[in-house]
Amino acid sequence: MLAPRTVRRRILFAAGTSLAVVGLITGCTAGGATTNAQPTNASVEGNEAQGDSITIGYSGPASDHGWLGAINNAAIAEAAKYPDIDLDIAEGTDDANLQISQVETFINDKVDAIVLLPTDGAALTQVAIRAMEAGIPVINVDREFSSTFAARATILGDNYGMGVSAGTYICEELGDNPDAVVAEIAGIDSLPLTQERSAGFAKALSDCGLSVTNRVSANFTVAGGEATTSQLLAAAPKIDALWNHDDDQGIGVLAAIDAAGRDEFIMVGGAGSANAMRLIQAGDSVMKATVVYPSTQAADGIRLARLLVQEKAMSDLVEVEIPSRIVLNAPVVTSENVEKYLPTAFES
């Protein structure tokens, strides 16, 4: 691996109604690089070899829980591996308008590529289109834009697949029990990702003749997980299996389960936190499995942006350009394979 390069950081913040920019600018950009030429190298060695210096703008939501913190940290760490990347990092935010301003700054600075995990995919679509029209390729991460014109490549976790994986595992564990009571603790119901997870879960359960009997939605927080789980447990005196969509809110879910003294069911988590995996490994709680939602997506976005701007391709594909859409797998982690996934898991 090449020697690490210092990552530069740009902090964008709202000050009243004005936007202030504070940061250390190092090096020059090649301004609005396009990628019409055919890739020059698609070997592992060629992709790793140092190329022309490029500037990648990265913007993501605020790191208000473990998974988002892990995804942002992984992106920064990945960029630091390559001496030919200058990473321009905008401050994490849950304010769509502020994030739009951050992308506009990237456009004005003529960065070579933008890796963007939008706080709201639909809200960031138009500014992403403007970046693309300015000749700056956009890599869309995790929360999808509402137009295919807004990104050169999109990297997603498989939300529907998460539900399918969780439901399939529960079907296998409960066997032929048509009267099994299955509960679900979702995330934020208004989000498409939550809707996709629930749809996949329902479909997998239906394949073995089961359905969700009790369901509540939390808000991806510890407090929300604890409060909604307490309500669910009070309404359901007997449960055979429970799927919680998110391991960060799962800390609260498990606290409520412990407080209620309930242990008659198996629990499956979501996202794949190290906390959940250690419980699975210990084998002394209701937590028996979790479904991975990769926190590598933004790091993968950094790599793809570098390949794209340097006119390279993915070395394991015959195709001479990077794909336009990549959906990552959603494997189930159990006591049998937890050691494989634990080293790269995030801390809640």
# chains A, B, ... in the order shown; residues from 1 in each chain; ligands from 1
>>> residues_around(residues="region 263-280 of chain A", least_positions_apart="2", cutoff="6 Å", atoms="only C-alpha atoms", output="ChimeraX atom specification")
/A:239-247,282-283,286-293,335,342,345-347
>>> residues_around(residues="region 44-57 of chain A", least_positions_apart="5", cutoff="7 Å", atoms="only C-alpha atoms", output="list in words")
Thr29, Ala30, Pro83, Asp84, Ile85, Asp86, Leu87, Asp88, Ile89, Phe106, Val111, Asp112, Ala113, Ile114, Val115, Gln310, Lys312 and Ser315 of chain A
>>> write_last_selection(atoms="N, CA, C and O atoms", output="mmCIF file, in the first residue's frame")
data_model
loop_
_atom_site.group_PDB
_atom_site.id
_atom_site.type_symbol
_atom_site.label_atom_id
_atom_site.label_comp_id
_atom_site.auth_asym_id
_atom_site.auth_seq_id
_atom_site.Cartn_x
_atom_site.Cartn_y
_atom_site.Cartn_z
ATOM 1 N N THR A 29 -6.473 21.552 -7.607
ATOM 2 C CA THR A 29 -7.397 20.609 -8.204
ATOM 3 C C THR A 29 -7.269 20.698 -9.709
ATOM 4 O O THR A 29 -6.823 21.689 -10.262
ATOM 5 N N ALA A 30 -7.732 19.644 -10.327
ATOM 6 C CA ALA A 30 -7.686 19.607 -11.776
ATOM 7 C C ALA A 30 -8.989 20.088 -12.378
ATOM 8 O O ALA A 30 -9.213 19.962 -13.566
ATOM 9 N N PRO A 83 -1.777 8.547 -1.729
ATOM 10 C CA PRO A 83 -1.094 9.844 -1.837
ATOM 11 C C PRO A 83 -1.669 10.734 -2.936
ATOM 12 O O PRO A 83 -1.435 11.940 -2.924
ATOM 13 N N ASP A 84 -2.410 10.146 -3.874
ATOM 14 C CA ASP A 84 -2.931 10.953 -4.976
ATOM 15 C C ASP A 84 -4.339 11.484 -4.714
ATOM 16 O O ASP A 84 -4.968 12.064 -5.596
ATOM 17 N N ILE A 85 -4.853 11.309 -3.483
ATOM 18 C CA ILE A 85 -6.177 11.840 -3.133
ATOM 19 C C ILE A 85 -6.047 12.972 -2.124
ATOM 20 O O ILE A 85 -5.435 12.814 -1.069
ATOM 21 N N ASP A 86 -6.626 14.117 -2.448
ATOM 22 C CA ASP A 86 -6.883 15.171 -1.469
ATOM 23 C C ASP A 86 -8.366 15.096 -1.144
ATOM 24 O O ASP A 86 -9.209 15.280 -2.038
ATOM 25 N N LEU A 87 -8.700 14.800 0.085
ATOM 26 C CA LEU A 87 -10.098 14.663 0.471
ATOM 27 C C LEU A 87 -10.580 15.947 1.133
ATOM 28 O O LEU A 87 -10.041 16.375 2.148
ATOM 29 N N ASP A 88 -11.583 16.546 0.548
ATOM 30 C CA ASP A 88 -12.175 17.787 1.048
ATOM 31 C C ASP A 88 -13.458 17.395 1.778
ATOM 32 O O ASP A 88 -14.455 17.026 1.155
ATOM 33 N N ILE A 89 -13.443 17.452 3.103
ATOM 34 C CA ILE A 89 -14.547 16.926 3.909
ATOM 35 C C ILE A 89 -15.440 18.054 4.404
ATOM 36 O O ILE A 89 -14.975 18.973 5.091
ATOM 37 N N PHE A 106 -18.367 22.683 -3.337
ATOM 38 C CA PHE A 106 -17.542 21.734 -4.093
ATOM 39 C C PHE A 106 -17.545 22.074 -5.587
ATOM 40 O O PHE A 106 -16.518 22.010 -6.259
ATOM 41 N N VAL A 111 -13.854 20.637 -7.662
ATOM 42 C CA VAL A 111 -13.277 19.362 -7.251
ATOM 43 C C VAL A 111 -13.405 18.378 -8.404
ATOM 44 O O VAL A 111 -14.181 18.589 -9.351
ATOM 45 N N ASP A 112 -12.661 17.300 -8.354
ATOM 46 C CA ASP A 112 -12.663 16.331 -9.447
ATOM 47 C C ASP A 112 -13.805 15.326 -9.356
ATOM 48 O O ASP A 112 -14.234 14.769 -10.373
ATOM 49 N N ALA A 113 -14.283 15.071 -8.158
ATOM 50 C CA ALA A 113 -15.402 14.147 -7.959
ATOM 51 C C ALA A 113 -16.025 14.455 -6.610
ATOM 52 O O ALA A 113 -15.386 15.040 -5.722
ATOM 53 N N ILE A 114 -17.279 14.065 -6.451
ATOM 54 C CA ILE A 114 -17.991 14.247 -5.190
ATOM 55 C C ILE A 114 -18.552 12.901 -4.753
ATOM 56 O O ILE A 114 -19.202 12.206 -5.541
ATOM 57 N N VAL A 115 -18.281 12.528 -3.499
ATOM 58 C CA VAL A 115 -18.901 11.353 -2.881
ATOM 59 C C VAL A 115 -19.918 11.897 -1.888
ATOM 60 O O VAL A 115 -19.563 12.615 -0.951
ATOM 61 N N GLN A 310 -9.370 8.907 -12.507
ATOM 62 C CA GLN A 310 -8.088 8.503 -13.089
ATOM 63 C C GLN A 310 -8.263 7.568 -14.285
ATOM 64 O O GLN A 310 -7.300 7.001 -14.785
ATOM 65 N N LYS A 312 -9.641 4.627 -14.669
ATOM 66 C CA LYS A 312 -9.363 3.221 -14.429
ATOM 67 C C LYS A 312 -10.692 2.485 -14.291
ATOM 68 O O LYS A 312 -11.758 3.096 -14.304
ATOM 69 N N SER A 315 -10.821 -3.990 -11.387
ATOM 70 C CA SER A 315 -9.898 -4.992 -11.919
ATOM 71 C C SER A 315 -10.508 -6.382 -12.054
ATOM 72 O O SER A 315 -10.042 -7.188 -12.858
#
>>> closest_residue(among="A:Ala128, A:Ala79, A:Val253, A:Ile139", to="Gly187 (chain A)", atoms="only C-alpha atoms")
A:Val253
>>> residues_around(residues="region 73-78 of chain A", least_positions_apart="6", cutoff="9 Å", atoms="only C-alpha atoms", output="list of chain:residue names")
A:Val7, A:Tyr58, A:Leu87, A:Ile89, A:Ser295, A:Thr296, A:Gln297, A:Ala298, A:Ala299, A:Asp300, A:Gly301, A:Ile302, A:Arg303
>>> atom_distance(atom1="CA of Ala131 (chain A)", atom2="CA of Ala305 (chain A)")
13.9 Å
>>> closest_residue(among="A:Gln249, A:Asp142, A:Gln281, A:Ile136", to="Ile71 (chain A)", atoms="only C-alpha atoms")
A:Asp142
>>> closest_residue(among="A:Thr93, A:Thr119, A:Ser165, A:Ser285", to="Ala204 (chain A)", atoms="only C-alpha atoms")
A:Ser165
